[in-house]
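Data from input_9.csv: CSV, C-alpha atoms and all ligand atoms
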```
chain,number,residue,atom,x,y,z
A,531,MET,CA,1.1,-18.3,9.6
A,532,SER,CA,-1.8,-18.3,12.1
A,533,LEU,CA,-3.1,-15.0,13.4
A,534,ASN,CA,-4.3,-16.3,16.7
A,535,PRO,CA,-4.7,-13.1,18.7
A,536,GLY,CA,-3.0,-14.6,21.8
A,537,ASP,CA,0.3,-15.1,19.9
A,538,TRP,CA,0.7,-11.5,18.8
A,539,LEU,CA,1.4,-8.2,20.5
A,540,HIS,CA,-1.3,-5.9,19.1
A,541,VAL,CA,0.2,-2.5,18.4
A,542,VAL,CA,-1.8,0.4,17.1
A,543,ALA,CA,-0.2,3.3,15.2
A,544,GLY,CA,-1.5,6.5,13.6
A,545,VAL,CA,-0.6,8.3,10.4
A,546,LEU,CA,-1.1,12.1,10.7
A,547,SER,CA,-0.6,14.1,7.4
A,548,ASP,CA,-0.3,17.8,6.8
A,549,GLU,CA,-1.6,19.8,3.7
A,550,GLN,CA,1.6,19.1,1.8
A,551,GLY,CA,1.1,15.4,2.2
A,552,ARG,CA,3.9,15.1,4.8
A,553,VAL,CA,3.5,12.4,7.5
A,554,LEU,CA,4.4,12.7,11.2
A,555,ILE,CA,7.1,10.3,12.4
A,556,ALA,CA,8.7,10.0,15.8
A,557,ARG,CA,12.1,8.7,16.9
A,558,ARG,CA,12.0,5.7,19.4
A,559,ALA,CA,14.1,6.2,22.5
A,560,GLU,CA,17.4,4.3,22.4
A,561,HIS,CA,16.5,1.9,25.3
A,562,LEU,CA,13.3,0.6,23.7
A,563,HIS,CA,12.7,-2.3,21.4
A,564,GLN,CA,13.9,-1.2,18.0
A,565,GLY,CA,15.3,1.9,19.7
A,566,GLY,CA,16.8,4.8,17.7
A,567,LEU,CA,14.6,4.0,14.7
A,568,TRP,CA,11.8,6.2,13.4
A,569,GLU,CA,8.2,5.1,13.8
A,570,PHE,CA,4.6,6.0,13.4
A,571,PRO,CA,3.3,7.2,16.8
A,572,GLY,CA,1.4,4.6,18.8
A,573,GLY,CA,1.9,1.7,21.1
A,574,LYS,CA,0.6,-1.5,22.6
A,575,LEU,CA,-3.1,-2.1,22.9
A,576,LYS,CA,-4.3,-2.6,26.5
A,577,THR,CA,-6.6,-5.5,27.4
A,578,GLY,CA,-10.2,-4.7,26.7
A,579,GLU,CA,-9.5,-1.7,24.5
A,580,SER,CA,-10.7,-1.4,20.9
A,581,PRO,CA,-8.0,-0.4,18.4
A,582,GLN,CA,-9.5,3.1,18.0
A,583,GLU,CA,-9.6,3.6,21.9
A,584,GLY,CA,-6.0,2.4,22.1
A,585,LEU,CA,-4.9,4.7,19.3
A,586,ALA,CA,-6.7,7.7,20.9
A,587,ARG,CA,-5.0,7.0,24.3
A,588,GLU,CA,-1.5,6.6,22.7
A,589,LEU,CA,-1.8,9.8,20.6
A,590,ALA,CA,-3.0,11.7,23.6
A,591,GLU,CA,-0.1,10.4,25.7
A,592,GLU,CA,2.7,10.7,23.1
A,593,LEU,CA,1.6,13.8,21.0
A,594,GLY,CA,-1.0,15.6,23.2
A,595,ILE,CA,-3.7,15.5,20.6
A,596,ALA,CA,-7.3,14.4,20.6
A,597,LEU,CA,-8.1,11.8,17.9
A,598,GLY,CA,-11.2,12.5,15.7
A,599,ALA,CA,-12.0,10.2,12.8
A,600,CYS,CA,-9.6,7.6,11.5
A,601,GLU,CA,-9.7,4.7,8.9
A,602,PRO,CA,-7.7,1.5,8.6
A,603,LEU,CA,-4.6,1.7,6.4
A,604,ILE,CA,-2.8,-1.6,6.8
A,605,ARG,CA,-2.3,-4.5,9.4
A,606,VAL,CA,1.2,-5.9,9.3
A,607,PRO,CA,2.0,-9.2,11.2
A,608,HIS,CA,5.8,-9.2,11.8
A,609,ASP,CA,7.9,-11.7,13.7
A,610,TYR,CA,11.0,-10.0,15.2
A,611,GLY,CA,12.3,-13.3,16.7
A,612,ASP,CA,12.1,-11.9,20.2
A,613,ARG,CA,8.4,-10.8,19.8
A,614,ARG,CA,5.6,-11.1,17.2
A,615,VAL,CA,4.0,-7.8,16.5
A,616,LEU,CA,0.7,-7.2,14.8
A,617,LEU,CA,1.1,-3.5,13.7
A,618,ASP,CA,-2.3,-2.1,13.1
A,619,VAL,CA,-2.0,1.2,11.3
A,620,TYR,CA,-4.8,3.8,10.9
A,621,ARG,CA,-4.9,7.0,8.8
A,622,VAL,CA,-5.9,9.8,11.1
A,623,LEU,CA,-8.5,11.9,9.1
A,624,ASP,CA,-9.1,14.5,11.8
A,625,TYR,CA,-7.7,15.5,15.2
A,626,GLN,CA,-7.5,18.4,17.6
A,627,GLY,CA,-4.4,20.1,19.0
A,628,ILE,CA,-0.8,20.5,17.8
A,629,PRO,CA,1.3,17.4,17.9
A,630,ARG,CA,4.4,17.7,20.2
A,631,GLY,CA,6.8,15.1,21.6
A,632,CYS,CA,5.2,14.7,25.1
A,633,GLU,CA,7.7,12.0,26.0
A,634,GLY,CA,10.8,13.9,24.8
A,635,GLN,CA,10.9,12.1,21.5
A,636,ALA,CA,12.1,13.9,18.3
A,637,LEU,CA,9.3,14.5,15.7
A,638,THR,CA,9.5,15.3,12.0
A,639,TRP,CA,7.3,15.5,9.0
A,640,LEU,CA,8.3,13.7,5.8
A,641,VAL,CA,6.6,12.8,2.5
A,642,PRO,CA,6.3,9.0,2.2
A,643,ASP,CA,8.3,8.9,-1.1
A,644,ASP,CA,11.3,10.3,0.9
A,645,MET,CA,11.0,7.7,3.8
A,646,ASP,CA,14.0,5.4,3.9
A,647,PRO,CA,12.7,2.0,5.2
A,648,THR,CA,16.1,1.1,6.7
A,649,VAL,CA,15.7,3.7,9.5
A,650,PHE,CA,12.3,2.3,10.5
A,651,PRO,CA,11.6,-1.1,12.3
A,652,ALA,CA,11.2,-3.9,9.7
A,653,ALA,CA,7.4,-4.1,10.3
A,654,ASP,CA,7.1,-0.5,8.9
A,655,ARG,CA,8.3,-1.3,5.4
A,656,PRO,CA,4.8,-2.3,4.1
A,657,VAL,CA,3.4,0.7,5.9
A,658,ILE,CA,5.6,3.1,4.0
A,659,ALA,CA,4.6,1.3,0.7
A,660,ALA,CA,0.9,1.7,1.7
A,661,LEU,CA,1.5,5.4,2.2
A,662,ARG,CA,3.2,5.8,-1.2
A,663,LEU,CA,0.3,4.1,-2.9
A,664,PRO,CA,-3.1,5.7,-3.3
A,665,ARG,CA,-6.5,4.0,-2.8
A,666,LEU,CA,-7.3,3.6,-6.5
A,667,MET,CA,-5.2,2.0,-9.2
A,668,LEU,CA,-6.2,2.4,-12.8
A,669,ILE,CA,-5.3,-0.4,-15.1
A,670,THR,CA,-5.4,1.0,-18.6
A,671,GLY,CA,-8.0,-0.5,-20.9
A,672,PRO,CA,-8.7,-0.4,-24.6
A,673,ASP,CA,-7.3,0.6,-27.0
A,674,PRO,CA,-3.5,1.2,-26.9
A,675,THR,CA,-3.3,0.6,-30.7
A,676,ASP,CA,-5.2,3.9,-31.1
A,677,PRO,CA,-2.8,6.3,-29.3
A,678,LEU,CA,-4.9,9.5,-29.7
A,679,LEU,CA,-8.0,8.0,-28.2
A,680,PHE,CA,-5.9,6.2,-25.6
A,681,ARG,CA,-4.3,9.5,-24.6
A,682,ALA,CA,-7.6,11.3,-24.4
A,683,ARG,CA,-9.0,8.6,-22.1
A,684,LEU,CA,-5.9,8.6,-19.8
A,685,GLN,CA,-6.0,12.3,-19.6
A,686,ARG,CA,-9.6,12.2,-18.5
A,687,ALA,CA,-8.9,9.6,-15.9
A,688,LEU,CA,-6.0,11.7,-14.5
A,689,ALA,CA,-8.2,14.8,-14.5
A,690,GLN,CA,-10.8,12.9,-12.5
A,691,GLY,CA,-8.2,12.2,-9.8
A,692,VAL,CA,-6.5,8.9,-10.7
A,693,ARG,CA,-2.9,9.0,-9.1
A,694,LEU,CA,-1.7,5.5,-9.9
A,695,VAL,CA,-1.6,4.1,-13.4
A,696,GLN,CA,-0.7,0.5,-14.4
A,697,LEU,CA,0.1,0.6,-18.1
A,698,ARG,CA,-1.3,-2.6,-19.4
A,699,ALA,CA,-1.2,-3.2,-23.1
A,700,PRO,CA,-0.6,-6.9,-23.9
A,701,GLU,CA,-1.7,-6.4,-27.5
A,702,LEU,CA,1.4,-4.2,-28.2
A,703,VAL,CA,4.8,-5.6,-29.3
A,704,ALA,CA,7.7,-4.4,-27.1
A,705,LEU,CA,8.8,-1.6,-29.4
A,706,ASP,CA,5.3,-0.1,-29.5
A,707,TYR,CA,4.9,-0.5,-25.7
A,708,ARG,CA,8.1,1.5,-25.2
A,709,GLU,CA,6.8,4.2,-27.5
A,710,LEU,CA,3.5,4.3,-25.6
A,711,THR,CA,5.4,4.9,-22.3
A,712,GLY,CA,7.0,7.9,-23.9
A,713,MET,CA,3.6,9.5,-24.3
A,714,VAL,CA,2.2,8.3,-20.9
A,715,TRP,CA,5.1,9.2,-18.6
A,716,PRO,CA,4.9,13.0,-19.1
A,717,LEU,CA,1.1,12.9,-18.7
A,718,CYS,CA,1.4,11.1,-15.4
A,719,GLN,CA,4.2,13.4,-14.2
A,720,ALA,CA,2.0,16.5,-15.0
A,721,HIS,CA,-0.7,15.1,-12.8
A,722,GLY,CA,1.6,13.9,-9.9
A,723,ALA,CA,0.5,10.3,-10.7
A,724,HIS,CA,2.8,7.3,-10.3
A,725,LEU,CA,3.3,5.1,-13.4
A,726,LEU,CA,3.8,1.3,-13.2
A,727,LEU,CA,4.9,-0.6,-16.3
A,728,ASN,CA,3.2,-4.0,-16.8
A,729,ARG,CA,5.9,-5.7,-18.9
A,730,ALA,CA,8.9,-8.0,-18.5
A,731,PRO,CA,11.7,-6.0,-16.8
A,732,LYS,CA,14.2,-6.5,-19.7
A,733,GLU,CA,11.6,-5.1,-22.2
A,734,VAL,CA,11.4,-1.8,-20.3
A,735,GLU,CA,15.0,-1.3,-19.3
A,736,GLY,CA,16.0,2.4,-19.1
A,737,LEU,CA,12.4,3.7,-19.4
A,738,ALA,CA,11.2,6.5,-17.1
A,739,ARG,CA,8.8,5.0,-14.6
A,740,ASP,CA,7.9,4.7,-10.9
A,741,GLY,CA,7.8,0.9,-10.8
A,742,LEU,CA,6.8,-2.4,-12.4
A,743,HIS,CA,3.8,-4.6,-12.3
A,744,LEU,CA,4.5,-8.3,-12.7
A,745,ASN,CA,2.0,-10.8,-14.2
A,746,ARG,CA,1.5,-14.1,-12.5
A,747,ARG,CA,4.0,-15.9,-14.7
A,748,LEU,CA,6.8,-13.4,-13.9
A,749,LEU,CA,5.9,-13.5,-10.2
A,750,MET,CA,6.3,-17.2,-10.1
A,751,THR,CA,9.5,-17.5,-12.2
A,752,LEU,CA,11.6,-14.4,-11.2
A,753,GLU,CA,14.3,-15.4,-8.7
A,754,ARG,CA,14.6,-11.9,-7.2
A,755,ARG,CA,12.8,-8.6,-7.0
A,756,PRO,CA,13.4,-6.6,-10.2
A,757,GLY,CA,13.9,-2.8,-10.3
A,758,SER,CA,15.6,-0.5,-7.9
A,759,ALA,CA,14.9,-0.3,-4.2
A,760,ARG,CA,13.0,3.0,-4.6
A,761,GLU,CA,10.7,1.7,-7.3
A,762,LEU,CA,7.2,0.3,-6.5
A,763,ILE,CA,7.1,-3.3,-7.6
A,764,GLY,CA,3.9,-5.4,-7.4
A,765,ALA,CA,2.2,-8.4,-8.9
A,766,SER,CA,-1.1,-10.0,-9.9
A,767,CYS,CA,-2.1,-12.8,-7.5
A,768,HIS,CA,-5.1,-15.2,-7.4
A,769,THR,CA,-4.1,-17.6,-4.7
A,770,ARG,CA,-2.5,-17.8,-1.3
A,771,ALA,CA,0.7,-19.3,-2.8
A,772,GLU,CA,1.0,-16.3,-5.2
A,773,LEU,CA,0.5,-13.8,-2.3
A,774,ARG,CA,3.2,-15.6,-0.3
A,775,ARG,CA,5.6,-15.5,-3.3
A,776,ALA,CA,5.0,-11.7,-3.6
A,777,VAL,CA,6.1,-11.4,0.1
A,778,GLU,CA,9.1,-13.7,-0.4
A,779,LEU,CA,10.3,-11.6,-3.4
A,780,GLY,CA,10.1,-8.5,-1.2
A,781,LEU,CA,7.5,-6.8,-3.4
A,782,ASP,CA,5.7,-3.6,-2.4
A,783,TYR,CA,2.1,-4.5,-3.2
A,784,ALA,CA,-0.1,-7.2,-4.6
A,785,LEU,CA,-3.4,-7.3,-6.5
A,786,LEU,CA,-5.8,-10.1,-5.6
A,787,SER,CA,-8.6,-11.1,-8.0
A,788,PRO,CA,-11.3,-11.7,-9.0
A,789,VAL,CA,-13.3,-10.4,-6.1
A,790,LYS,CA,-16.5,-10.2,-8.1
A,791,PRO,CA,-17.5,-11.7,-11.5
A,792,THR,CA,-15.6,-9.8,-14.2
A,793,ALA,CA,-16.2,-9.4,-18.0
A,794,SER,CA,-12.5,-9.7,-18.8
A,795,HIS,CA,-12.2,-13.2,-17.1
A,796,PRO,CA,-15.8,-14.7,-17.3
A,797,GLU,CA,-14.5,-18.2,-16.5
A,798,ALA,CA,-12.8,-17.3,-13.2
A,799,GLN,CA,-14.6,-18.2,-10.0
A,800,PRO,CA,-15.1,-15.0,-7.9
A,801,LEU,CA,-13.5,-15.0,-4.4
A,802,GLY,CA,-16.1,-12.8,-2.7
A,803,TRP,CA,-15.2,-10.4,0.1
A,804,PRO,CA,-15.0,-12.9,3.0
A,805,THR,CA,-12.4,-15.1,1.2
A,806,PHE,CA,-10.6,-12.0,0.0
A,807,ALA,CA,-10.3,-10.7,3.6
A,808,GLU,CA,-9.2,-14.2,4.9
A,809,LEU,CA,-6.5,-14.5,2.2
A,810,ILE,CA,-4.9,-11.1,2.8
A,811,ALA,CA,-5.0,-11.1,6.6
A,812,PRO,CA,-1.6,-12.8,7.1
A,813,ILE,CA,0.0,-11.0,4.2
A,814,PRO,CA,2.3,-8.1,5.2
A,815,LEU,CA,1.7,-6.1,2.0
A,816,PRO,CA,-0.8,-3.5,0.8
A,817,VAL,CA,-3.2,-5.6,-1.4
A,818,TYR,CA,-5.6,-4.1,-3.9
A,819,ALA,CA,-8.9,-5.8,-4.6
A,820,LEU,CA,-9.6,-6.4,-8.3
A,821,GLY,CA,-12.3,-7.9,-10.4
A,822,GLY,CA,-15.7,-6.4,-11.3
A,823,LEU,CA,-15.2,-3.4,-8.9
A,824,THR,CA,-15.8,0.3,-9.2
A,825,PRO,CA,-15.0,3.3,-6.9
A,826,GLU,CA,-18.3,2.6,-5.1
A,827,ASP,CA,-16.7,-0.6,-3.7
A,828,LEU,CA,-13.9,1.4,-2.1
A,829,ASP,CA,-15.3,1.7,1.4
A,830,THR,CA,-16.1,-2.0,1.5
A,831,ALA,CA,-12.6,-2.8,0.3
A,832,ILE,CA,-11.0,-0.7,3.0
A,833,ALA,CA,-13.2,-2.3,5.7
A,834,GLN,CA,-12.0,-5.7,4.5
A,835,GLY,CA,-8.3,-4.7,4.9
A,836,ALA,CA,-7.5,-3.8,1.3
A,837,GLN,CA,-5.2,-0.9,0.3
A,838,GLY,CA,-8.0,0.0,-2.2
A,839,ILE,CA,-9.3,-1.2,-5.5
A,840,ALA,CA,-7.8,-1.7,-8.9
A,841,ALA,CA,-9.9,-1.6,-12.0
A,842,ILE,CA,-9.9,-1.4,-15.7
A,843,ARG,CA,-13.6,-0.8,-16.7
A,844,GLY,CA,-14.5,0.9,-13.3
A,845,LEU,CA,-11.9,3.6,-13.8
A,846,TRP,CA,-11.2,3.8,-17.6
A,847,PRO,CA,-13.4,6.7,-19.1
A,848,ALA,CA,-15.6,5.7,-22.0
A,901,LIG,N1,4.4,2.7,17.9
A,901,LIG,C1,5.0,1.9,17.0
A,901,LIG,N2,5.5,0.7,17.3
A,901,LIG,C2,6.1,0.0,16.3
A,901,LIG,C3,6.2,0.5,15.0
A,901,LIG,N3,6.8,-0.5,14.2
A,901,LIG,C4,7.1,-1.5,15.1
A,901,LIG,O1,7.7,-2.6,14.7
A,901,LIG,N4,6.7,-1.2,16.3
A,901,LIG,C5,6.8,-2.2,17.4
A,901,LIG,O2,5.6,-2.3,18.2
A,901,LIG,C6,5.9,-2.2,19.6
A,901,LIG,C7,5.4,-0.9,20.1
A,901,LIG,O3,5.0,-0.9,21.4
A,901,LIG,P1,5.5,0.3,22.3
A,901,LIG,O4,5.9,1.5,21.5
A,901,LIG,O5,4.5,0.5,23.4
A,901,LIG,O6,6.7,-0.4,22.8
A,901,LIG,P2,7.9,-0.3,23.8
A,901,LIG,O7,9.1,-0.2,23.0
A,901,LIG,O8,7.5,0.8,24.8
A,901,LIG,O9,7.7,-1.7,24.5
A,901,LIG,P3,8.5,-2.3,25.6
A,901,LIG,O10,8.1,-1.6,26.9
A,901,LIG,O11,8.0,-3.8,25.6
A,901,LIG,O12,10.0,-2.2,25.3
A,901,LIG,C8,7.4,-2.3,19.7
A,901,LIG,O13,7.8,-3.6,19.8
A,901,LIG,C9,7.9,-1.7,18.4
A,901,LIG,O14,9.2,-2.1,18.1
A,901,LIG,C10,5.7,1.8,14.7
A,901,LIG,O15,5.7,2.3,13.5
A,901,LIG,N5,5.1,2.4,15.7
```
When written as structure tokens, how does the structure in this file appear?
Amino acid sequence: MSLNPGDWLHVVAGVLSDEQGRVLIARRAEHLHQGGLWEFPGGKLKTGESPQEGLARELAEELGIALGACEPLIRVPHDYGDRRVLLDVYRVLDYQGIPRGCEGQALTWLVPDDMDPTVFPAADRPVIAALRLPRLMLITGPDPTDPLLFRARLQRALAQGVRLVQLRAPELVALDYRELTGMVWPLCQAHGAHLLLNRAPKEVEGLARDGLHLNRRLLMTLERRPGSARELIGASCHTRAELRRAVELGLDYALLSPVKPTASHPEAQPLGWPTFAELIAPIPLPVYALGGLTPEDLDTAIAQGAQGIAAIRGLWPA
């Protein structure tokens, strides 16, 4: 899919959050395109406007607020058949005024985990996934065969603010992996963190979790998206074809690696940021950058269009 600007209707939308983590959504008037559905406030960019200028204008017109700082959340190219929309969504970090429905539209505040994608336009599905996912994903490191030390390290990472944990322990047999999740799940719950299990779906049937992480082999061989609709399902990708497969399967996120040289895969050729940005631009999914990264790379990752960064060494306490 080419992202030639002339072929796309560039739409900007803003995500306003309150202290409880609820996000403001508005109901589209019945007579509009995708009428009656809920949306993130915003609208079409005018010729000559930057996305931030367009967003400030739309939020002033629709909600009566003055936009302060904002940062990119996700860009979703979506073909509705009757129009091709590039939905460019920003997280509003700061604004002045009290939002009200200046055009008579209904407004409500909802936590992203409670948003039902079927009452939003189809382009919003990855936006909801991006809102459910934090900026940092911890991939657990050594050594799951030493449960006490493993627990202490995980606890420290959670105490330091990690809110998304991918439980990776390829050295464990299925039975031991299941036992490990019994220890990890309550820890994650106690810190309000989401837990993703990196294991074949049939090996983790019935286990408490928030989602599944698929390795490259599962991604390329599974015929349909595993797990329930509410779960967060993602996969490890290294190529354009793998990213496309993640979209075809209807996954919620992808990891793309290696961005930089990494000790865990010294033979792999790093992508570098320009190739990373080019590969993810046409992909309507939140994509984490992975490979040799630490939280210090987060601002760069966001500026390149990433959901955030995923890391083992960069986030796993010593
Ligand atoms: N503001 C907003 N627009 C969205 C979202 N999701 C999504 O697909 N869109 C699409 O992006 C376009 C938004 O432009 P708009 O709000 O100015 O559109 P409109 O319906 O007034 O356009 P129209 O006058 O051509 O009918 C519409 O095609 C709408 O369906 C969203 O979350 N927020």
Each residue of chain A with at least one atom at most 7 Å from ligand LIG 901 (chain A) should appear once, together with its nearest atom pair and the corresponding distance in Å (one decimal); atoms considered: all atoms listed in the file; ordering: chain, then increasing residue number; output as a Markdown table.
```
| residue | atom | partner | partner_atom | distance |
| --- | --- | --- | --- | --- |
| A:Val541 | CA | A:LIG901 | O2 | 5.4 |
| A:Val542 | CA | A:LIG901 | N1 | 6.7 |
| A:Ala543 | CA | A:LIG901 | N1 | 5.4 |
| A:Leu562 | CA | A:LIG901 | O7 | 4.3 |
| A:His563 | CA | A:LIG901 | O7 | 4.5 |
| A:Gln564 | CA | A:LIG901 | O14 | 4.8 |
| A:Glu569 | CA | A:LIG901 | O15 | 3.8 |
| A:Phe570 | CA | A:LIG901 | O15 | 3.9 |
| A:Pro571 | CA | A:LIG901 | N1 | 4.8 |
| A:Gly572 | CA | A:LIG901 | N1 | 3.7 |
| A:Gly573 | CA | A:LIG901 | O5 | 3.7 |
| A:Lys574 | CA | A:LIG901 | O5 | 4.5 |
| A:Val615 | CA | A:LIG901 | O2 | 6.0 |
| A:Leu617 | CA | A:LIG901 | N3 | 6.5 |
| A:Pro651 | CA | A:LIG901 | O1 | 4.8 |
| A:Ala652 | CA | A:LIG901 | O1 | 6.2 |
| A:Ala653 | CA | A:LIG901 | O1 | 4.7 |
| A:Asp654 | CA | A:LIG901 | N3 | 5.3 |
```
Selection: 9 Å around Leu603 in chain A, only C-alpha atoms, excl. self and same-chain fewer than 3 positions, as an mmCIF file with C-alpha atoms, in the coordinates of the input:
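Heads up, here's the output in part_22.cif:
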```
data_model
loop_
_atom_site.group_PDB
_atom_site.id
_atom_site.type_symbol
_atom_site.label_atom_id
_atom_site.label_comp_id
_atom_site.auth_asym_id
_atom_site.auth_seq_id
_atom_site.Cartn_x
_atom_site.Cartn_y
_atom_site.Cartn_z
ATOM 1 C CA VAL A 545 -0.600 8.300 10.400
ATOM 2 C CA ASP A 618 -2.300 -2.100 13.100
ATOM 3 C CA VAL A 619 -2.000 1.200 11.300
ATOM 4 C CA TYR A 620 -4.800 3.800 10.900
ATOM 5 C CA ARG A 621 -4.900 7.000 8.800
ATOM 6 C CA VAL A 657 3.400 0.700 5.900
ATOM 7 C CA ALA A 660 0.900 1.700 1.700
ATOM 8 C CA LEU A 661 1.500 5.400 2.200
ATOM 9 C CA PRO A 816 -0.800 -3.500 0.800
ATOM 10 C CA ILE A 832 -11.000 -0.700 3.000
ATOM 11 C CA GLY A 835 -8.300 -4.700 4.900
ATOM 12 C CA ALA A 836 -7.500 -3.800 1.300
ATOM 13 C CA GLN A 837 -5.200 -0.900 0.300
#
```
Original post:
Any idea what's packed within 12 Å of Arg770 in chain A, counting only C-alpha atoms, ignoring anything in its chain fewer than 3 positions away? Could you give it as number ranges by chain?
Top reply: A: 531, 766-767, 773-777, 784-787, 801, 805-813
Let me have the centre and edge lengths of the axis-aligned box enclosing all listed atoms of range 821-835 of chain A with 8 Å padding on every side, in Å to one decimal, as JSON.
```
{"center_x": -13.3, "center_y": -2.3, "center_z": -2.8, "size_x": 26.0, "size_y": 27.2, "size_z": 33.0}
```
Original post:
Which polymer residues, protein or nucleic acid, are no farther than 12 Å from (7.2, -0.3, -16.6), counting only C-alpha atoms, as number ranges by chain?
Top reply: A: 695-699, 704, 707-712, 714-715, 724-745, 756-757, 761-764
**OP:** Go through A:Arg760, A:His768, A:Arg746, A:His561 and flag the residue nearest Pro642 in chain A, using all atoms listed in the file for the distances.
**Re:**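 Result for the nearest residue to Pro642 in chain A: A:Arg760.
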Subject >> Thr824 in chain A environment, 9 Å, all atoms listed in the file, sequence neighbours closer than 4 positions dropped, as a list of chain:residue names >> reply: A:Leu828, A:Ile839, A:Ala840, A:Ala841, A:Ile842, A:Arg843, A:Gly844, A:Leu845
Original post:
Arg683 in chain A: which residues within 8 Å, counting all atoms listed in the file, same-chain residues fewer than 3 positions away excluded, as a PyMOL selection string?
Top reply: chain A and resi 679-680+686-687+846-848
Subject >> Selected residue, from A:Ala723, A:Asp612, A:Tyr625, A:Val553, that lies nearest to Met667 in chain A when counting only C-alpha atoms >> reply: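 Ranked by minimum distance to Met667 in chain A, first place goes to A:Ala723.
You will find CA of Arg693 in chain A at 27.6 Å from CA of Leu597 in chain A.
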**OP:** Please indicate the distance in Å from CA of Arg557 in chain A to CA of Ile604 in chain A, rounded to one decimal place.
**Re:**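 Separation between CA of Arg557 in chain A and CA of Ile604 in chain A: 20.7 Å.
With CA of Pro629 in chain A on one side and CA of Gly598 in chain A on the other, the separation reads 13.6 Å.
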**OP:** For each of A:Gly631, A:Gly566, A:Glu778, A:Ala831, take the minimum atom-to-atom distance to Pro804 in chain A, counting all atoms listed in the file, then give the residue where this is smallest.
**Re:** A:Ala831
Original post:
In terms of the shortest atom-to-atom distance over all atoms listed in the file, which of A:Glu588, A:Arg605, A:Pro796, A:Leu533 is closest to Cys632 in chain A?
Top reply: A:Glu588
Original post:
If we count all atoms listed in the file, what is near Asp548 in chain A at a cut-off of 10 Å, once residues fewer than 5 positions away on the same chain are taken out, given as a VMD selection string?
Top reply: chain A and resid 553 to 554 639 to 641
Can you write just those residues out, C-alpha atoms, as an mmCIF file, in the coordinates of the input?
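This went into part-v3.cif:
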```cif
data_model
loop_
_atom_site.group_PDB
_atom_site.id
_atom_site.type_symbol
_atom_site.label_atom_id
_atom_site.label_comp_id
_atom_site.auth_asym_id
_atom_site.auth_seq_id
_atom_site.Cartn_x
_atom_site.Cartn_y
_atom_site.Cartn_z
ATOM 1 C CA VAL A 553 3.500 12.400 7.500
ATOM 2 C CA LEU A 554 4.400 12.700 11.200
ATOM 3 C CA TRP A 639 7.300 15.500 9.000
ATOM 4 C CA LEU A 640 8.300 13.700 5.800
ATOM 5 C CA VAL A 641 6.600 12.800 2.500
#
```
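With distances restricted to all atoms listed in the file, A:Leu702 is the closest residue to Asp676 in chain A from A:Leu702, A:Val622, A:Leu546, A:Glu592.
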Original post:
Which residue out of A:Asp706, A:Glu633, A:Pro602, A:Leu823 has the minimum interatomic distance to Gln582 in chain A when only C-alpha atoms are used?
Top reply: A:Pro602
Output range 803-814 of chain A as a short mmCIF file (atom, residue, chain, number, x, y, z; two decimals), in the coordinates of the input, making sure N, CA and C atoms are there.
```cif
data_model
loop_
_atom_site.label_atom_id
_atom_site.label_comp_id
_atom_site.auth_asym_id
_atom_site.auth_seq_id
_atom_site.Cartn_x
_atom_site.Cartn_y
_atom_site.Cartn_z
N TRP A 803 -15.94 -11.18 -0.90
CA TRP A 803 -15.20 -10.40 0.10
C TRP A 803 -14.71 -11.23 1.30
N PRO A 804 -15.51 -12.19 1.84
CA PRO A 804 -15.00 -12.90 3.00
C PRO A 804 -13.69 -13.67 2.70
N THR A 805 -13.63 -14.35 1.54
CA THR A 805 -12.40 -15.10 1.20
C THR A 805 -11.26 -14.10 0.91
N PHE A 806 -11.57 -12.99 0.25
CA PHE A 806 -10.60 -12.00 0.00
C PHE A 806 -9.92 -11.55 1.34
N ALA A 807 -10.77 -11.21 2.32
CA ALA A 807 -10.30 -10.70 3.60
C ALA A 807 -9.44 -11.80 4.31
N GLU A 808 -9.89 -13.05 4.22
CA GLU A 808 -9.20 -14.20 4.90
C GLU A 808 -7.79 -14.37 4.23
N LEU A 809 -7.74 -14.28 2.90
CA LEU A 809 -6.50 -14.50 2.20
C LEU A 809 -5.44 -13.41 2.48
N ILE A 810 -5.90 -12.17 2.62
CA ILE A 810 -4.90 -11.10 2.80
C ILE A 810 -4.51 -10.87 4.25
N ALA A 811 -5.29 -11.38 5.21
CA ALA A 811 -5.00 -11.10 6.60
C ALA A 811 -3.56 -11.41 7.03
N PRO A 812 -2.99 -12.56 6.64
CA PRO A 812 -1.60 -12.80 7.10
C PRO A 812 -0.54 -12.23 6.18
N ILE A 813 -0.93 -11.46 5.16
CA ILE A 813 0.00 -11.00 4.20
C ILE A 813 0.51 -9.56 4.52
N PRO A 814 1.80 -9.40 4.82
CA PRO A 814 2.30 -8.10 5.20
C PRO A 814 2.60 -7.19 4.01
#
```
